[in-house]
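Next comes query33.cif, with mmCIF, C-alpha atoms and all ligand atoms.
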data_query
#
loop_
_atom_site.label_atom_id
_atom_site.label_comp_id
_atom_site.auth_asym_id
_atom_site.auth_seq_id
_atom_site.Cartn_x
_atom_site.Cartn_y
_atom_site.Cartn_z
CA MET H 1 -2.46 -7.96 -5.35
CA GLU H 2 -4.48 -4.79 -5.94
CA PHE H 3 -2.90 -1.32 -5.75
CA ILE H 4 -6.31 -0.03 -4.62
CA ASP H 5 -8.96 -2.66 -3.90
CA LEU H 6 -12.31 -1.27 -5.06
CA LYS H 7 -13.80 -4.72 -5.63
CA THR H 8 -13.68 -5.77 -1.97
CA GLN H 9 -15.23 -2.43 -1.02
CA TYR H 10 -18.08 -2.97 -3.48
CA ARG H 11 -18.69 -6.51 -2.20
CA MET H 12 -19.01 -5.13 1.34
CA LEU H 13 -21.26 -2.23 0.41
CA LYS H 14 -23.20 -3.88 -2.45
CA PRO H 15 -26.66 -3.94 -0.81
CA ALA H 16 -26.49 -0.25 0.13
CA VAL H 17 -24.96 0.86 -3.19
CA ASP H 18 -27.35 -1.16 -5.34
CA LYS H 19 -30.37 0.07 -3.38
CA ARG H 20 -29.30 3.71 -3.72
CA ILE H 21 -28.72 3.34 -7.48
CA ALA H 22 -32.09 1.59 -7.94
CA THR H 23 -33.82 4.46 -6.15
CA VAL H 24 -32.38 6.95 -8.65
CA LEU H 25 -33.35 4.76 -11.61
CA ASP H 26 -36.91 4.67 -10.21
CA HIS H 27 -37.36 8.39 -9.56
CA GLY H 28 -35.51 9.36 -12.75
CA ARG H 29 -34.19 12.74 -11.61
CA PHE H 30 -30.71 12.15 -13.00
CA ILE H 31 -29.62 15.80 -12.94
CA LEU H 32 -29.65 17.64 -9.58
CA GLY H 33 -31.97 15.02 -8.10
CA PRO H 34 -32.75 14.79 -4.37
CA GLU H 35 -29.58 12.79 -3.61
CA ILE H 36 -27.48 15.83 -4.59
CA LEU H 37 -28.87 18.02 -1.81
CA GLU H 38 -28.78 15.12 0.66
CA LEU H 39 -25.11 14.46 -0.15
CA GLU H 40 -24.16 18.15 0.02
CA GLU H 41 -25.78 18.46 3.47
CA GLU H 42 -24.03 15.34 4.77
CA LEU H 43 -20.65 16.36 3.41
CA ALA H 44 -20.91 19.95 4.72
CA ALA H 45 -21.74 18.57 8.17
CA TYR H 46 -18.83 16.09 8.00
CA VAL H 47 -16.37 18.86 7.10
CA SER H 48 -18.05 21.37 9.48
CA VAL H 49 -18.53 24.14 6.92
CA ASP H 50 -21.72 25.96 5.91
CA HIS H 51 -21.77 25.07 2.22
CA CYS H 52 -20.89 22.09 0.01
CA ILE H 53 -21.30 22.33 -3.76
CA SER H 54 -21.02 18.96 -5.50
CA VAL H 55 -19.43 19.10 -8.95
CA ALA H 56 -18.41 16.95 -11.91
CA SER H 57 -14.79 16.30 -10.82
CA GLY H 58 -11.97 17.53 -8.63
CA THR H 59 -10.58 19.50 -11.56
CA GLU H 60 -13.96 21.19 -12.08
CA ALA H 61 -14.06 22.02 -8.35
CA LEU H 62 -10.73 23.88 -8.59
CA LEU H 63 -11.73 25.60 -11.83
CA ILE H 64 -15.07 26.81 -10.43
CA ALA H 65 -13.33 28.09 -7.27
CA LEU H 66 -10.91 30.19 -9.36
CA MET H 67 -13.75 31.48 -11.56
CA ALA H 68 -15.80 32.47 -8.50
CA LEU H 69 -12.84 34.48 -7.20
CA GLY H 70 -12.66 36.28 -10.55
CA ILE H 71 -9.10 35.12 -11.18
CA GLY H 72 -7.98 35.57 -14.78
CA PRO H 73 -5.36 36.98 -17.16
CA GLY H 74 -2.63 38.95 -15.41
CA ASP H 75 -3.24 37.24 -12.06
CA GLU H 76 -0.94 34.80 -10.30
CA VAL H 77 -1.75 31.80 -8.13
CA ILE H 78 0.97 30.31 -5.93
CA THR H 79 1.12 26.52 -5.81
CA THR H 80 3.46 23.53 -5.74
CA PRO H 81 5.07 21.97 -8.82
CA PHE H 82 4.99 18.56 -7.14
CA THR H 83 1.36 17.64 -7.73
CA PHE H 84 -1.02 16.21 -10.30
CA ALA H 85 -1.28 18.42 -13.40
CA ALA H 86 -4.88 19.44 -12.66
CA THR H 87 -3.70 21.83 -9.93
CA ALA H 88 -1.79 24.05 -12.37
CA GLU H 89 -4.04 23.25 -15.33
CA VAL H 90 -7.02 25.13 -13.90
CA ILE H 91 -4.86 28.18 -13.16
CA ALA H 92 -3.69 28.22 -16.79
CA LEU H 93 -7.25 27.56 -18.03
CA VAL H 94 -8.59 30.77 -16.48
CA GLY H 95 -5.67 32.62 -18.09
CA ALA H 96 -3.71 33.18 -14.86
CA THR H 97 -0.09 32.21 -14.16
CA PRO H 98 0.85 29.34 -11.84
CA VAL H 99 3.73 30.39 -9.58
CA PHE H 100 5.69 27.38 -8.39
CA VAL H 101 7.19 27.32 -4.91
CA ASP H 102 9.27 24.38 -3.68
CA ILE H 103 8.17 21.66 -1.27
CA ASN H 104 9.84 20.25 1.80
CA LEU H 105 10.92 16.61 1.82
CA THR H 106 9.35 15.76 5.19
CA ASP H 107 5.81 15.62 3.75
CA CYS H 108 6.31 16.65 0.07
CA ASN H 109 3.86 19.55 0.56
CA ILE H 110 4.50 23.20 -0.32
CA ASP H 111 7.05 24.81 2.02
CA ALA H 112 5.06 27.58 3.73
CA ALA H 113 8.28 29.41 4.62
CA LEU H 114 8.94 30.09 0.92
CA ILE H 115 5.50 31.48 0.04
CA GLU H 116 5.78 35.07 1.24
CA ALA H 117 8.77 35.78 -1.01
CA ALA H 118 6.77 34.50 -4.00
CA ILE H 119 3.90 36.97 -3.52
CA SER H 120 3.74 39.81 -6.06
CA SER H 121 1.22 42.54 -6.76
CA ALA H 122 -0.45 40.08 -9.16
CA THR H 123 -0.95 37.31 -6.59
CA LYS H 124 -4.64 36.55 -6.03
CA ALA H 125 -4.60 33.14 -4.36
CA ILE H 126 -2.48 30.41 -2.81
CA MET H 127 -3.38 26.85 -3.74
CA PRO H 128 -1.66 24.37 -1.41
CA VAL H 129 -2.14 20.69 -2.23
CA SER H 130 -2.75 18.22 0.59
CA LEU H 131 -0.52 15.70 -1.13
CA TYR H 132 -0.66 12.00 -0.25
CA GLY H 133 -3.50 12.62 2.23
CA GLN H 134 -2.36 15.25 4.74
CA CYS H 135 -2.70 19.01 4.85
CA ALA H 136 0.24 21.36 4.39
CA ASP H 137 1.07 23.89 7.10
CA MET H 138 -2.32 25.58 6.74
CA ASP H 139 -2.10 27.92 9.76
CA ALA H 140 1.08 29.47 8.37
CA ILE H 141 -0.38 29.64 4.84
CA ASN H 142 -3.65 31.22 6.04
CA ALA H 143 -1.71 33.79 8.09
CA ILE H 144 0.36 34.85 5.06
CA ALA H 145 -2.79 35.02 2.92
CA GLU H 146 -4.62 37.15 5.43
CA ARG H 147 -1.67 39.53 5.81
CA ARG H 148 -1.34 39.92 2.03
CA GLY H 149 -5.05 39.94 1.16
CA VAL H 150 -5.15 36.80 -0.97
CA THR H 151 -7.42 33.74 -0.81
CA VAL H 152 -6.41 30.17 0.06
CA ILE H 153 -7.90 27.29 -1.97
CA GLU H 154 -6.96 23.86 -0.63
CA ASP H 155 -6.54 21.18 -3.31
CA ALA H 156 -7.77 18.38 -1.06
CA ALA H 157 -8.26 15.80 -3.82
CA GLN H 158 -6.11 13.26 -1.93
CA SER H 159 -6.99 14.16 1.67
CA PHE H 160 -10.75 13.98 2.20
CA GLY H 161 -11.27 12.81 5.79
CA ALA H 162 -7.88 13.98 7.12
CA LEU H 163 -7.65 16.17 10.22
CA TYR H 164 -5.54 19.30 10.68
CA LYS H 165 -5.52 20.57 14.28
CA GLY H 166 -8.96 19.05 14.83
CA ARG H 167 -10.46 20.48 11.64
CA ARG H 168 -11.25 18.45 8.53
CA SER H 169 -9.33 18.87 5.30
CA CYS H 170 -11.56 20.96 2.95
CA GLY H 171 -12.59 23.09 5.93
CA VAL H 172 -9.20 24.59 6.76
CA SER H 173 -9.18 27.57 4.37
CA THR H 174 -11.64 29.87 2.57
CA ILE H 175 -12.30 27.25 -0.11
CA GLY H 176 -11.54 23.50 -0.09
CA CYS H 177 -11.85 21.31 -3.19
CA THR H 178 -11.89 17.52 -3.32
CA SER H 179 -12.23 14.75 -5.89
CA PHE H 180 -14.38 11.63 -5.85
CA PHE H 181 -12.39 9.91 -8.62
CA PRO H 182 -12.78 6.17 -7.90
CA SER H 183 -9.32 5.70 -6.37
CA LYS H 184 -9.43 8.71 -4.03
CA PRO H 185 -10.10 8.21 -0.30
CA LEU H 186 -13.85 8.80 -0.91
CA GLY H 187 -14.50 7.67 -4.47
CA CYS H 188 -17.61 7.33 -6.62
CA TYR H 189 -17.98 5.09 -9.70
CA GLY H 190 -17.01 7.69 -12.26
CA ASP H 191 -15.96 11.32 -12.02
CA GLY H 192 -17.06 13.56 -9.18
CA GLY H 193 -15.90 16.27 -6.80
CA ALA H 194 -17.01 18.85 -4.27
CA ILE H 195 -16.26 22.39 -3.12
CA PHE H 196 -16.52 23.51 0.51
CA THR H 197 -16.76 27.00 1.97
CA SER H 198 -18.41 28.94 4.77
CA ASP H 199 -18.49 32.12 2.66
CA ALA H 200 -22.14 32.50 1.55
CA GLY H 201 -21.33 34.84 -1.34
CA LEU H 202 -18.69 32.54 -2.80
CA ALA H 203 -20.98 29.54 -2.31
CA GLN H 204 -23.74 31.26 -4.29
CA ALA H 205 -21.30 32.22 -7.06
CA MET H 206 -19.93 28.66 -7.27
CA ARG H 207 -23.45 27.17 -7.39
CA GLU H 208 -24.29 29.45 -10.30
CA ILE H 209 -21.02 28.83 -12.15
CA ARG H 210 -21.61 25.07 -11.79
CA ILE H 211 -24.74 25.42 -13.91
CA HIS H 212 -23.71 27.77 -16.73
CA GLY H 213 -23.70 30.90 -14.59
CA GLN H 214 -27.47 30.77 -14.13
CA SER H 215 -28.97 32.74 -11.25
CA LYS H 216 -32.33 31.36 -12.32
CA ARG H 217 -33.47 29.37 -15.32
CA TYR H 218 -32.16 30.94 -18.56
CA GLN H 219 -30.88 33.98 -16.66
CA HIS H 220 -27.08 33.93 -17.12
CA ASP H 221 -25.43 36.55 -14.93
CA ARG H 222 -21.92 35.17 -15.25
CA VAL H 223 -19.90 32.85 -17.47
CA GLY H 224 -20.14 29.34 -16.09
CA VAL H 225 -19.53 25.70 -16.96
CA GLY H 226 -21.51 22.47 -17.16
CA GLY H 227 -20.05 21.21 -13.90
CA ARG H 228 -22.74 19.25 -12.04
CA LEU H 229 -22.28 15.94 -10.27
CA ASP H 230 -24.61 13.19 -11.58
CA THR H 231 -27.39 12.12 -9.21
CA ILE H 232 -26.30 8.47 -9.56
CA GLN H 233 -22.80 9.35 -8.38
CA ALA H 234 -24.26 11.25 -5.42
CA ALA H 235 -26.32 8.15 -4.56
CA ILE H 236 -23.21 5.96 -4.66
CA LEU H 237 -21.33 8.42 -2.43
CA LEU H 238 -24.22 8.45 0.07
CA ALA H 239 -24.02 4.65 0.28
CA LYS H 240 -20.24 4.77 0.70
CA LEU H 241 -20.41 7.48 3.37
CA GLY H 242 -21.99 4.95 5.73
CA ASN H 243 -18.65 3.14 5.98
CA PHE H 244 -16.31 6.07 5.39
CA GLY H 245 -15.45 6.70 9.05
CA GLU H 246 -14.32 3.09 9.41
CA GLU H 247 -12.37 3.27 6.16
CA VAL H 248 -10.54 6.38 7.33
CA ALA H 249 -9.68 4.62 10.60
CA ALA H 250 -8.43 1.59 8.65
CA ARG H 251 -6.31 3.79 6.37
CA ILE H 252 -4.70 5.44 9.39
CA ARG H 253 -4.10 2.07 11.08
CA ILE H 254 -2.58 0.54 7.92
CA GLY H 255 -0.51 3.66 7.23
CA ASN H 256 0.85 3.63 10.79
CA ARG H 257 1.73 -0.05 10.43
CA TYR H 258 3.61 0.65 7.18
CA CYS H 259 5.54 3.40 9.00
CA GLU H 260 6.43 1.16 11.94
CA LEU H 261 7.61 -1.66 9.69
CA LEU H 262 9.57 0.56 7.29
CA GLU H 263 11.05 3.17 9.59
CA ASN H 264 14.22 1.28 10.49
CA ILE H 265 15.07 0.06 7.01
CA PRO H 266 18.22 1.93 5.88
CA GLY H 267 17.71 3.60 2.49
CA VAL H 268 13.95 4.08 2.95
CA ARG H 269 12.66 7.53 3.90
CA LEU H 270 9.09 8.02 5.09
CA ILE H 271 6.59 10.85 4.74
CA GLN H 272 6.32 12.39 8.23
CA VAL H 273 2.92 13.13 9.76
CA PRO H 274 3.16 15.77 12.53
CA ALA H 275 1.26 15.07 15.77
CA ASP H 276 -1.24 17.87 15.06
CA ARG H 277 -2.65 16.22 11.91
CA THR H 278 -3.66 12.90 10.38
CA SER H 279 -3.06 11.51 6.91
CA VAL H 280 -5.71 9.41 5.17
CA TRP H 281 -2.87 8.12 2.96
CA GLY H 282 -4.52 8.89 -0.33
CA GLN H 283 -1.20 7.47 -1.46
CA PHE H 284 1.26 5.63 0.75
CA THR H 285 4.51 6.96 -0.67
CA ILE H 286 8.15 6.39 0.33
CA LEU H 287 11.40 7.89 -0.94
CA VAL H 288 14.37 5.74 -2.00
CA ASP H 289 17.61 6.47 -3.88
CA ASN H 290 17.35 3.38 -6.11
CA ARG H 291 13.84 4.00 -7.38
CA ASP H 292 13.94 2.19 -10.71
CA GLU H 293 15.63 -0.87 -9.23
CA MET H 294 13.11 -0.90 -6.37
CA ILE H 295 10.13 -0.70 -8.75
CA ASP H 296 11.46 -3.65 -10.79
CA ALA H 297 12.07 -5.69 -7.65
CA LEU H 298 8.62 -4.96 -6.22
CA ASN H 299 6.89 -5.72 -9.49
CA ALA H 300 8.87 -9.00 -9.71
CA ALA H 301 7.50 -9.81 -6.24
CA ALA H 302 3.97 -9.15 -7.60
CA VAL H 303 3.70 -5.84 -5.75
CA PRO H 304 2.08 -3.14 -7.92
CA THR H 305 3.59 0.34 -7.58
CA ALA H 306 3.02 3.85 -8.94
CA VAL H 307 5.00 7.09 -9.10
CA HIS H 308 3.22 10.24 -7.91
CA TYR H 309 4.73 12.13 -9.75
CA PRO H 310 7.74 11.51 -12.02
CA ILE H 311 8.03 15.02 -13.55
CA PRO H 312 7.42 18.22 -11.57
CA LEU H 313 5.09 20.59 -13.37
CA HIS H 314 7.69 23.29 -14.11
CA ARG H 315 9.44 20.63 -16.26
CA GLN H 316 6.27 19.77 -18.20
CA PRO H 317 6.05 21.21 -21.72
CA ALA H 318 2.54 22.56 -21.07
CA TYR H 319 3.63 24.63 -18.05
CA ALA H 320 7.31 25.42 -18.61
CA ASP H 321 6.49 28.64 -20.47
CA ARG H 322 3.21 29.36 -18.72
CA SER H 323 4.49 29.50 -15.15
CA ARG H 324 6.73 31.57 -12.92
CA VAL H 325 9.29 29.66 -10.90
CA VAL H 326 10.49 30.83 -7.48
CA GLY H 327 13.90 29.52 -6.42
CA SER H 328 15.53 26.31 -7.59
CA LEU H 329 12.65 23.86 -6.92
CA GLU H 330 15.43 21.42 -6.11
CA LEU H 331 13.49 19.42 -3.55
CA SER H 332 10.60 18.90 -5.98
CA GLU H 333 13.13 17.49 -8.46
CA ILE H 334 14.61 15.19 -5.84
CA ALA H 335 11.15 13.97 -4.80
CA ALA H 336 10.22 13.34 -8.44
CA ARG H 337 13.27 11.05 -8.74
CA GLN H 338 12.78 9.20 -5.44
CA VAL H 339 9.09 8.63 -4.71
CA ILE H 340 7.30 5.29 -4.98
CA SER H 341 3.69 4.70 -3.96
CA LEU H 342 2.80 1.32 -2.46
CA PRO H 343 -0.53 -0.55 -2.41
CA MET H 344 -2.84 1.30 -0.03
CA HIS H 345 -6.53 0.80 0.69
CA PRO H 346 -8.71 0.07 3.75
CA PHE H 347 -8.74 -3.69 3.05
CA LEU H 348 -4.99 -4.32 2.86
CA ASP H 349 -4.38 -7.25 5.19
CA THR H 350 -1.33 -7.68 7.39
CA ALA H 351 0.08 -10.73 5.54
CA VAL H 352 0.06 -8.85 2.23
CA GLN H 353 1.55 -5.80 3.90
CA ASP H 354 4.31 -7.96 5.44
CA HIS H 355 5.12 -9.35 1.98
CA ILE H 356 5.40 -5.81 0.56
CA VAL H 357 7.65 -4.66 3.40
CA GLU H 358 9.86 -7.74 3.07
CA ALA H 359 10.36 -7.07 -0.65
CA ILE H 360 11.32 -3.47 0.14
CA ALA H 361 13.74 -4.50 2.91
CA LYS H 362 15.43 -6.99 0.60
CA ASN H 363 16.05 -4.34 -2.08
CA ALA H 364 16.73 -1.22 -0.06
CA ARG H 365 20.15 0.36 -0.68
CA ASN H 366 21.73 2.60 1.86
C1 LIG D 1 -7.03 13.64 -8.50
C2 LIG D 1 -6.49 15.00 -8.32
C3 LIG D 1 -7.07 16.13 -8.91
C4 LIG D 1 -8.16 16.05 -9.95
O1 LIG D 1 -9.30 15.36 -9.57
P1 LIG D 1 -10.25 14.75 -10.72
O2 LIG D 1 -11.47 14.36 -9.97
O3 LIG D 1 -9.54 13.60 -11.32
O4 LIG D 1 -10.52 15.82 -11.70
C5 LIG D 1 -6.56 17.38 -8.60
N1 LIG D 1 -5.53 17.52 -7.77
C6 LIG D 1 -4.92 16.46 -7.19
C7 LIG D 1 -3.78 16.69 -6.25
C8 LIG D 1 -5.37 15.16 -7.45
O5 LIG D 1 -4.77 14.11 -6.88
#
The structure in this file should be written as structure tokens.
Amino acid sequence: MEFIDLKTQYRMLKPAVDKRIATVLDHGRFILGPEILELEEELAAYVSVDHCISVASGTEALLIALMALGIGPGDEVITTPFTFAATAEVIALVGATPVFVDINLTDCNIDAALIEAAISSATKAIMPVSLYGQCADMDAINAIAERRGVTVIEDAAQSFGALYKGRRSCGVSTIGCTSFFPSKPLGCYGDGGAIFTSDAGLAQAMREIRIHGQSKRYQHDRVGVGGRLDTIQAAILLAKLGNFGEEVAARIRIGNRYCELLENIPGVRLIQVPADRTSVWGQFTILVDNRDEMIDALNAAAVPTAVHYPIPLHRQPAYADRSRVVGSLELSEIAARQVISLPMHPFLDTAVQDHIVEAIAKNARN
């Protein structure tokens, strides 16, 4: 059983993917070739924003966004401690301080009600993470940001394709950043990412920062990075985009089926998806009290599992002294002890899913 089945996806899309790659090998424009612009136009249209800037990874996307906003030493960025390290890493990399605010246990996203109290005179941005594939309470977060004059950057690495009140993840705040790491909802065959905005000035700044701060060749107006997406990865993403709508629909169908099958098992708690949004289930994650026992039992039943994430970032040596903590972060600690991610991909068939659910039911402890 695969945790994420990329092989079946490649078998289905092989003619389109191979043809797209061959085209790049023939034209030879491996850096910022024509596929880059084509991809950026398609992705911007999909998300319904004016600008998409493709970049080397999701981490690079977040870093470039912070650099474009001029965030640096002395500044603070509010985020969640219950996320992949990259979210806080980029804040520390630009010399700013990550400020950790607790999550809620209904969706494991940042608790918008706790953000306002965390804002200081040094706060420059709020970086909510759309964990497990659905947006946080973005209307509330955007309203706070507007009132306090700070910018919202969505870390949408796990949620590309999700809807929030009819708008796409990545297009629900001033800047949205996603990742095309192979196992993400839209993955390439290496590292990749993209930044989305409808702010023309920020888009221009981020385009320049992506290529060493160049406004034109060998004219460096700002400090930048080598942060481009490879043309071959853009070509692969263009081939995969043809089937992405169906894959998102399959993820939602399979996620809903997991929820229906698991919701009445005592001792299993589900991530809730409010009616005004969808989750693309970048991870399908449940919470249980007997996590270690459950992992052993599932693995014994040949069900691969993962833990996203076992240690909240305020407990990580790299960030413990480089962050500011607001409140007890108790729910992040509980989540870190209780979460298990189950196999999730658009090709998970019902018999396999039934087997997974049966193994969970057999080992759930109330
Ligand atoms: C994957 C991920 C990233 C980083 O993306 P990369 O493309 O691997 O650099 C950032 N934030 C979150 C929440 C992620 O899941």
- Task: Work out how far apart CA of Ala239 in chain H and CA of Ala56 in chain H are and give it in Å to one decimal.
- Result: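 Taking CA of Ala239 in chain H and CA of Ala56 in chain H, their separation equals 18.2 Å.
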- So which one's closest to His314 in chain H, H:Ile115, H:Val24, H:Ile144, H:Ala85? Using all atoms listed in the file, please.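 Result for the nearest residue to His314 in chain H: H:Ala85.
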- Message: Show me the residues close to (5.8, 4.6, -10.9) - anything with an atom within 9 Å, counting only C-alpha atoms - and format the list as a ChimeraX atom specification.
- Response: /H:291-292,295,305-310,339-341
- Hey, what's within 9 Å of Val172 in chain H if we count all atoms listed in the file and toss same-chain stuff fewer than 3 positions away? As a VMD selection string, please? chain H and resid 135 138 to 139 142 154 164 167 to 169 175 to 176
- Task: Taking all atoms listed in the file into account, report as a list in words which residues have an atom no farther than 8 Å from an atom of ligand LIG 1 (chain D).
- Result: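 Result of the 8 Å neighbour search around ligand LIG 1 (chain D): Ala56, Ser57, Gly58, Thr59, Glu60, Ala61, Leu62, Thr83, Phe84, Ala85, Ala86, Thr87, Val129, Ser130, Leu131, Asp155, Ala156, Ala157, Gln158, Thr178, Ser179, Phe180, Phe181, Lys184, Asp191, Gly192 and Gly193 of chain H.
Note that CA of Gly171 in chain H and CA of Asp50 in chain H are 9.6 Å apart.
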- Item | Long-range neighbours of range 274-289 of chain H as JSON, numbers by chain, 8 Å cut-off, all atoms listed in the file, 2 positions minimum in chain | {"H": [131, 132, 133, 134, 135, 158, 159, 160, 161, 162, 163, 164, 165, 166, 184, 185, 248, 251, 252, 255, 267, 268, 269, 270, 271, 272, 291, 335, 337, 338, 339, 340, 341, 342, 343, 344, 364, 365]}
- Using all atoms listed in the file, which residues sit within 12 Å of Glu146 in chain H once same-chain residues fewer than 2 positions away are excluded, as a PyMOL selection string? chain H and resi 116+124-126+138-144+148-152+173-174
- Suppose you want the space between CA of Ile36 in chain H and CA of Ala234 in chain H; what is it in Å?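 One can read the CA of Ile36 in chain H to CA of Ala234 in chain H distance as 5.7 Å.
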So which residues are close to (-12.5, 28.8, -7.2), meaning at most 9 Å away in the file's coordinates with all atoms listed in the file counted, and can you show them as a short mmCIF file (atom, residue, chain, number, x, y, z; two decimals) with C-alpha atoms, in the coordinates of the input?
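Result file out_6.cif:
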data_model
loop_
_atom_site.label_atom_id
_atom_site.label_comp_id
_atom_site.auth_asym_id
_atom_site.auth_seq_id
_atom_site.Cartn_x
_atom_site.Cartn_y
_atom_site.Cartn_z
CA ALA H 61 -14.06 22.02 -8.35
CA LEU H 62 -10.73 23.88 -8.59
CA LEU H 63 -11.73 25.60 -11.83
CA ILE H 64 -15.07 26.81 -10.43
CA ALA H 65 -13.33 28.09 -7.27
CA LEU H 66 -10.91 30.19 -9.36
CA MET H 67 -13.75 31.48 -11.56
CA ALA H 68 -15.80 32.47 -8.50
CA LEU H 69 -12.84 34.48 -7.20
CA GLY H 70 -12.66 36.28 -10.55
CA ILE H 71 -9.10 35.12 -11.18
CA ILE H 153 -7.90 27.29 -1.97
CA ILE H 175 -12.30 27.25 -0.11
CA GLY H 176 -11.54 23.50 -0.09
CA CYS H 177 -11.85 21.31 -3.19
CA ILE H 195 -16.26 22.39 -3.12
CA LEU H 202 -18.69 32.54 -2.80
CA MET H 206 -19.93 28.66 -7.27
#
